[in-house]
Amino acid sequence: MTETQTKTEITFEDFKSEVLNDYKIARISRECSLLGRKEVLTGKAKFGIFGDGKEVPQLALAKAFRIGDFRSGYYRDQTFMMANGQLSIQQFFAGLYGHTDLAHDPMSAGRQMGGHFATHSLDENGNWNNLTKQKNSSADISPTAGQMPRLLGLAQASKIYRNVAGLEDFTNFSNQGNEVAWGTIGNASTSEGLFFETINAAGVLQVPMVLSVWDDEYGISVHARHQTTKENISEVLKGFQREQGTNGYEIMTVKGWDYPSLVATYEKASEITREQHIPIIIHVTELTQPQGHSTSGSHERYKNEERLAWEREFDCLLQMRSWLLENNIASAKELDSIDSDLKKEVLEGKKAAWTAFIAPMKEELNELVAVLNSIASLSNNEVFIEKIAADLAAIKEPIRKEILIAARKALRLVVHENGKHQLGTWIKSYSEKIQPKFSSHLFSQSAKNVLQSKEVAPSYNETAEEVDARLVLRDNFDAIFNKYPEALIFGEDAGNIGDVNQGLEDMQEKYGDLRVADAGIREATIIGQGIGMAMRGLRPIAEIQYLDYLLYAIQIMSDDLATLQYRTQGRQKAPLIIRTRGHRLEGIWHSGSPMGMIVNAVRGIHVLVPRNMTKAAGFYNTLLESDEPALVIECLNGYRLKEKMPNNLGEFKTPIGLVETIKQGTDITIVSYGSTLRIVAQAATELQEVGIDCEIIDAQSLLPFDINHDCVKSIMKTNRLLIVDEDVPGGASAYLLQQIIDEQNGYQYLDSRPQTLTSKAHRPAYGTDGDYFSKPSVEDIFEKVYAIMHEAKPNKYPSLY
Ligand SMILES: Cc1ncc(C[n+]2csc(CCOP(=O)(O)OP(=O)(O)O)c2C)c(N)n1
Ligand SMILES: [Mg+2]
């Protein structure tokens, strides 16, 4: 035997031990699923969705998955996580119970139901870990196929790192783009639009992505014949197969119970995609669901006896066991002993998880019982409080809801007594301690969160000329691409022509077609592409051509991007910038301003509404220094208006969360944003002519809004409030009203009813008249303000009508 042979060949014993280790992992995973279901049925956990029936292919996936790779998958992947050593038995059960401590449930600290997996890209301070030194799983989400858009971006990042110059120092994120993004999806979820959109986009982009379809023929109760043409997704996708001289995919099919073929298939896929950056689909067929879809139902209701018998026979674990026996890799005795040992191991892990889950709550309960007993003895309601304390103490396995209910009920009984202070203080400090377990990290809590950013005003040469405003944006993007090699932009028409309004004119020529790129018409995956790339250390700017078409992307923004920090308790982030343009132009689909819909759907993403291009450019500069996702909406009718060209391009920063008073006044405060401000300003000029002095506040930033509470300070002076926007009635104007009246306590300074002026409820009609009769006009604003002043001072301002 030569020396090289010794290194590459493994002995039978090594092979056997590796295969048996695989078998053991799969068996542990199965046992966890079986016991997990029991935990739900006995009431210890609320809901269970498990990976039983999908174990064996995940062993093969785990073998091909290298350090630095990324996964974007779904709730069946527990065996894969276990094979990576990233999900212990105890952690599996901690997740099932909803343990709120990240040390116990590293996937989401109890925020997500079990079966939603994640690894930590960030340390406890929100700083990046070295992602090339760990196996990475982007955090799962429940909406079927919702993992697909992000998968595209995770794969695209490798392509960027391999091919874009200037990223040599980004060694924490990539080793020359050698990382593969591995996706998993259920067969039925391939019916979703997001699936097909992603498949097409990855075929166009040619990125290192391997997508596994776990095919068990069902999506809950619905059979493949209702889901998939020809009942066969790989058959249907055949047109995507690459051929001589074309782009496209490698498509592979393999049976989910055939361990050696699975291992070979995944190895081959890994090699091809890693080297050539070709996307691959692996259709894994003949999988089963031994316990049905989830703990919510039983599959005997919708599978016939023949199918159930087949599932029993072709259970991938049973098949793996037969293979081990048939090939004399292990004896039945050896396998039986593995099986019985691991049963004990799983039971012990489960018990440990439960004890750890309950222990802190027991302590908290005891603490409260002591407080209750101490106030009871001094209370007129002693008997009642003692009863509450005794009932509480009798709960053997308490949850926090029960503890807090008891405390809050008892508080009412001592409202007239001294005891209320002790109990009230306890409740407050308990809530302060517990609430963050459920509510922290909606936004970044790192030193780079947007609120840390300081304003830098644009500065101008004395001779600075007024130019078309799009040039301010363009030259600022130029400065950005110069300053940040990791910054890149892509969208429909963003590349070759430099966006529909020329804000990126000549940028592709200068920075190449990977950094300034055209994208297909596919808004959801444009966002997903951005999410995935941002999760791998790049600074993507995803462009959505018009605000009206953000609707196609709002689902993925809401479900994935907005929840990312929250659902990982701050251990993953995607500081994606979404650039779009909107508000006033022409017609039903080119002039919408659905800001209420947006601000309510994307809590977790900042929403910025600059009134001009200098403000917009300043927002991009701020965001690039921060680590949070944001949506920036430029004014569609503002690109050709004149603005002075600043001389500190790429450096000036518009602050986030601050309003700006753009006109001082004493009679009424008008709050508005975006394109409407110009109309408000015109109305204010005309109102001045009749002696009404308006104060105009530009909201600038809807999420977060007015963190310094400047609006209420203005109302203290004017005592009147009007909110003007182009959204539907009750849209973003209602949100602003809630913020100012409720959050800022503005109601107490008002002498007139606070009002809103918005567009009509319908979409704006086409043409100049369509605009005039659909959206608030200068005259509408004039008359609205005048009417408010008339009501206050009827003699000075006699009624107009
Ligand atoms: C958008 C969306 N619609 C519906 C659901 C409810 N749902 C959860 S899983 C599932 C079936 C998925 O089947 P499949 O993709 O085949 O995965 P499997 O569970 O069979 O592995 C459905 C309909 C959901 N989570 N998201
Ligand atoms: Mg299925």
# chains A, B, ... in the order shown; residues from 1 in each chain; ligands from 1
>>> select_by_dssp(residues="region 510-737 of chain A", states="strand (DSSP E or B)", output="number ranges by chain")
A: 516-518, 539-544, 577-582, 606-608, 630-635, 642-644, 653, 660-663, 668-672, 694-698, 701-703, 721-724
>>> write_last_selection(atoms="C-alpha atoms", output="PDB file, in the first residue's frame")
ATOM      1  CA  VAL A 516     -25.032  46.896 -10.521  1.00  0.00           C
ATOM      2  CA  ALA A 517     -27.327  44.295 -11.959  1.00  0.00           C
ATOM      3  CA  ASP A 518     -30.514  43.883 -13.900  1.00  0.00           C
ATOM      4  CA  ARG A 539     -24.613  45.111   1.734  1.00  0.00           C
ATOM      5  CA  PRO A 540     -27.218  44.599  -0.960  1.00  0.00           C
ATOM      6  CA  ILE A 541     -29.594  47.288  -2.106  1.00  0.00           C
ATOM      7  CA  ALA A 542     -32.626  45.542  -3.597  1.00  0.00           C
ATOM      8  CA  GLU A 543     -34.559  47.758  -5.925  1.00  0.00           C
ATOM      9  CA  ILE A 544     -38.311  47.411  -6.361  1.00  0.00           C
ATOM     10  CA  ILE A 577     -31.695  48.132   2.059  1.00  0.00           C
ATOM     11  CA  ILE A 578     -34.791  48.107  -0.111  1.00  0.00           C
ATOM     12  CA  ARG A 579     -34.974  50.979  -2.523  1.00  0.00           C
ATOM     13  CA  THR A 580     -38.191  51.930  -4.243  1.00  0.00           C
ATOM     14  CA  ARG A 581     -40.040  54.967  -5.555  1.00  0.00           C
ATOM     15  CA  GLY A 582     -43.619  55.930  -5.250  1.00  0.00           C
ATOM     16  CA  HIS A 606     -37.351  50.698   9.169  1.00  0.00           C
ATOM     17  CA  VAL A 607     -39.586  52.634   6.792  1.00  0.00           C
ATOM     18  CA  LEU A 608     -38.187  55.900   5.480  1.00  0.00           C
ATOM     19  CA  ALA A 630     -34.864  49.395   5.874  1.00  0.00           C
ATOM     20  CA  LEU A 631     -37.187  50.404   3.101  1.00  0.00           C
ATOM     21  CA  VAL A 632     -36.480  53.762   1.456  1.00  0.00           C
ATOM     22  CA  ILE A 633     -39.240  55.257  -0.680  1.00  0.00           C
ATOM     23  CA  GLU A 634     -38.059  57.955  -3.042  1.00  0.00           C
ATOM     24  CA  CYS A 635     -40.558  60.449  -4.473  1.00  0.00           C
ATOM     25  CA  LYS A 642     -33.694  70.805  -8.851  1.00  0.00           C
ATOM     26  CA  GLU A 643     -31.478  70.224  -5.834  1.00  0.00           C
ATOM     27  CA  LYS A 644     -28.035  71.523  -5.025  1.00  0.00           C
ATOM     28  CA  LYS A 653     -26.299  61.295   6.835  1.00  0.00           C
ATOM     29  CA  GLU A 660     -37.979  67.893  10.653  1.00  0.00           C
ATOM     30  CA  THR A 661     -39.938  71.084  11.029  1.00  0.00           C
ATOM     31  CA  ILE A 662     -39.792  72.612   7.583  1.00  0.00           C
ATOM     32  CA  LYS A 663     -41.932  75.652   8.337  1.00  0.00           C
ATOM     33  CA  ILE A 668     -51.857  74.591  13.431  1.00  0.00           C
ATOM     34  CA  THR A 669     -49.395  71.708  13.111  1.00  0.00           C
ATOM     35  CA  ILE A 670     -49.535  69.831   9.824  1.00  0.00           C
ATOM     36  CA  VAL A 671     -47.675  66.533   9.745  1.00  0.00           C
ATOM     37  CA  SER A 672     -46.989  64.952   6.379  1.00  0.00           C
ATOM     38  CA  CYS A 694     -49.130  76.710   9.678  1.00  0.00           C
ATOM     39  CA  GLU A 695     -46.283  74.751  11.173  1.00  0.00           C
ATOM     40  CA  ILE A 696     -45.234  71.941   8.816  1.00  0.00           C
ATOM     41  CA  ILE A 697     -43.490  68.834  10.065  1.00  0.00           C
ATOM     42  CA  ASP A 698     -41.905  66.318   7.718  1.00  0.00           C
ATOM     43  CA  SER A 701     -39.166  58.311   9.048  1.00  0.00           C
ATOM     44  CA  LEU A 702     -42.383  56.373   9.697  1.00  0.00           C
ATOM     45  CA  LEU A 703     -40.711  53.449  11.441  1.00  0.00           C
ATOM     46  CA  LEU A 721     -53.217  68.991  14.452  1.00  0.00           C
ATOM     47  CA  LEU A 722     -53.833  67.913  10.880  1.00  0.00           C
ATOM     48  CA  ILE A 723     -52.167  64.881   9.302  1.00  0.00           C
ATOM     49  CA  VAL A 724     -52.016  64.804   5.526  1.00  0.00           C
TER      50      VAL A 724
END
>>> residues_around(residues="region 153-161 of chain A", least_positions_apart="5", cutoff="10 Å", atoms="only C-alpha atoms", output="count of residues only")
52
>>> residues_around(residues="Ile141 (chain A)", least_positions_apart="5", cutoff="7 Å", atoms="only C-alpha atoms", output="compact mmCIF listing (two decimals) with all heavy atoms, in the first residue's frame")
# COMPACT_ATOMS: atom_id res chain seq x y z
N HIS A 116 -38.10 24.60 13.93
CA HIS A 116 -37.65 25.75 13.14
C HIS A 116 -36.22 26.05 13.56
O HIS A 116 -35.97 26.51 14.66
CB HIS A 116 -38.57 26.96 13.38
CG HIS A 116 -39.93 26.76 12.78
ND1 HIS A 116 -40.79 25.79 13.23
CD2 HIS A 116 -40.57 27.38 11.76
CE1 HIS A 116 -41.90 25.83 12.51
NE2 HIS A 116 -41.80 26.78 11.61
N GLY A 146 -41.43 29.80 1.89
CA GLY A 146 -40.87 31.09 2.32
C GLY A 146 -39.35 31.05 2.46
O GLY A 146 -38.70 32.10 2.47
N GLN A 147 -38.79 29.85 2.51
CA GLN A 147 -37.33 29.72 2.60
C GLN A 147 -36.66 29.87 1.24
O GLN A 147 -35.43 29.95 1.16
CB GLN A 147 -36.96 28.36 3.22
CG GLN A 147 -37.23 27.11 2.35
CD GLN A 147 -38.65 26.58 2.51
OE1 GLN A 147 -39.59 27.34 2.66
NE2 GLN A 147 -38.81 25.26 2.49
N ASP A 560 -40.18 37.10 6.57
CA ASP A 560 -38.78 36.70 6.71
C ASP A 560 -37.93 37.86 7.25
O ASP A 560 -37.44 37.83 8.38
CB ASP A 560 -38.25 36.20 5.36
CG ASP A 560 -36.94 35.42 5.50
OD1 ASP A 560 -36.45 35.29 6.63
OD2 ASP A 560 -36.40 34.95 4.49
>>> residues_near_ligand(ligand="ligand 1", cutoff="6 Å", atoms="only C-alpha atoms and all ligand atoms", output="PDB file with N, CA, C and O atoms, in the first residue's frame")
ATOM      1  N   SER A 142     -42.269  29.519   8.969  1.00  0.00           N
ATOM      2  CA  SER A 142     -43.338  28.541   8.727  1.00  0.00           C
ATOM      3  C   SER A 142     -44.014  28.646   7.366  1.00  0.00           C
ATOM      4  O   SER A 142     -44.475  27.635   6.848  1.00  0.00           O
ATOM      5  N   PRO A 143     -44.155  29.832   6.775  1.00  0.00           N
ATOM      6  CA  PRO A 143     -44.895  29.892   5.509  1.00  0.00           C
ATOM      7  C   PRO A 143     -44.231  29.018   4.443  1.00  0.00           C
ATOM      8  O   PRO A 143     -43.031  29.159   4.174  1.00  0.00           O
ATOM      9  N   THR A 144     -45.000  28.116   3.875  1.00  0.00           N
ATOM     10  CA  THR A 144     -44.446  27.140   2.946  1.00  0.00           C
ATOM     11  C   THR A 144     -43.775  27.839   1.765  1.00  0.00           C
ATOM     12  O   THR A 144     -44.340  28.761   1.193  1.00  0.00           O
ATOM     13  N   GLY A 186     -40.647  20.757   1.154  1.00  0.00           N
ATOM     14  CA  GLY A 186     -41.560  19.619   1.005  1.00  0.00           C
ATOM     15  C   GLY A 186     -42.119  19.585  -0.407  1.00  0.00           C
ATOM     16  O   GLY A 186     -42.189  20.608  -1.089  1.00  0.00           O
ATOM     17  N   ASN A 187     -42.531  18.405  -0.833  1.00  0.00           N
ATOM     18  CA  ASN A 187     -43.050  18.265  -2.198  1.00  0.00           C
ATOM     19  C   ASN A 187     -44.237  19.191  -2.457  1.00  0.00           C
ATOM     20  O   ASN A 187     -44.324  19.831  -3.506  1.00  0.00           O
ATOM     21  N   ALA A 188     -45.150  19.282  -1.484  1.00  0.00           N
ATOM     22  CA  ALA A 188     -46.362  20.064  -1.740  1.00  0.00           C
ATOM     23  C   ALA A 188     -46.053  21.555  -1.805  1.00  0.00           C
ATOM     24  O   ALA A 188     -46.705  22.301  -2.549  1.00  0.00           O
ATOM     25  N   SER A 189     -45.059  21.981  -1.063  1.00  0.00           N
ATOM     26  CA  SER A 189     -44.719  23.412  -1.057  1.00  0.00           C
ATOM     27  C   SER A 189     -44.148  23.860  -2.397  1.00  0.00           C
ATOM     28  O   SER A 189     -44.045  25.054  -2.663  1.00  0.00           O
ATOM     29  N   ASP A 216     -42.924  13.169   0.095  1.00  0.00           N
ATOM     30  CA  ASP A 216     -43.690  12.097   0.745  1.00  0.00           C
ATOM     31  C   ASP A 216     -45.092  12.000   0.149  1.00  0.00           C
ATOM     32  O   ASP A 216     -46.004  11.438   0.747  1.00  0.00           O
ATOM     33  N   TYR A 218     -47.452  13.874  -0.005  1.00  0.00           N
ATOM     34  CA  TYR A 218     -48.550  14.607   0.628  1.00  0.00           C
ATOM     35  C   TYR A 218     -48.121  15.997   1.069  1.00  0.00           C
ATOM     36  O   TYR A 218     -46.943  16.246   1.324  1.00  0.00           O
ATOM     37  N   GLY A 219     -49.108  16.892   1.166  1.00  0.00           N
ATOM     38  CA  GLY A 219     -48.965  18.166   1.847  1.00  0.00           C
ATOM     39  C   GLY A 219     -50.115  18.190   2.835  1.00  0.00           C
ATOM     40  O   GLY A 219     -51.266  18.372   2.428  1.00  0.00           O
ATOM     41  N   ILE A 220     -49.829  17.942   4.077  1.00  0.00           N
ATOM     42  CA  ILE A 220     -50.835  17.553   5.072  1.00  0.00           C
ATOM     43  C   ILE A 220     -51.688  16.439   4.449  1.00  0.00           C
ATOM     44  O   ILE A 220     -51.147  15.378   4.155  1.00  0.00           O
ATOM     45  N   HIS A 293     -48.636  14.306   9.520  1.00  0.00           N
ATOM     46  CA  HIS A 293     -48.051  15.623   9.273  1.00  0.00           C
ATOM     47  C   HIS A 293     -47.543  16.315  10.537  1.00  0.00           C
ATOM     48  O   HIS A 293     -46.436  16.817  10.596  1.00  0.00           O
TER      49      HIS A 293
END
>>> closest_residue(among="A:Leu347, A:Val213, A:Val659, A:Leu649", to="ligand 2", atoms="only C-alpha atoms and all ligand atoms")
A:Val213
>>> residues_around(residues="Lys268 (chain A)", least_positions_apart="2", cutoff="12 Å", atoms="only C-alpha atoms", output="PyMOL selection string")
chain A and resi 60-61+63-65+210+250-252+261-266+270-275+280-282
>>> select_by_dssp(residues="region 311-427 of chain A", states="alpha helix (DSSP H)", output="count of residues only")
94
>>> residues_around(residues="region 718-720 of chain A", least_positions_apart="4", cutoff="7 Å", atoms="only C-alpha atoms", output="ChimeraX atom specification")
/A:666-669,714,749-752,754
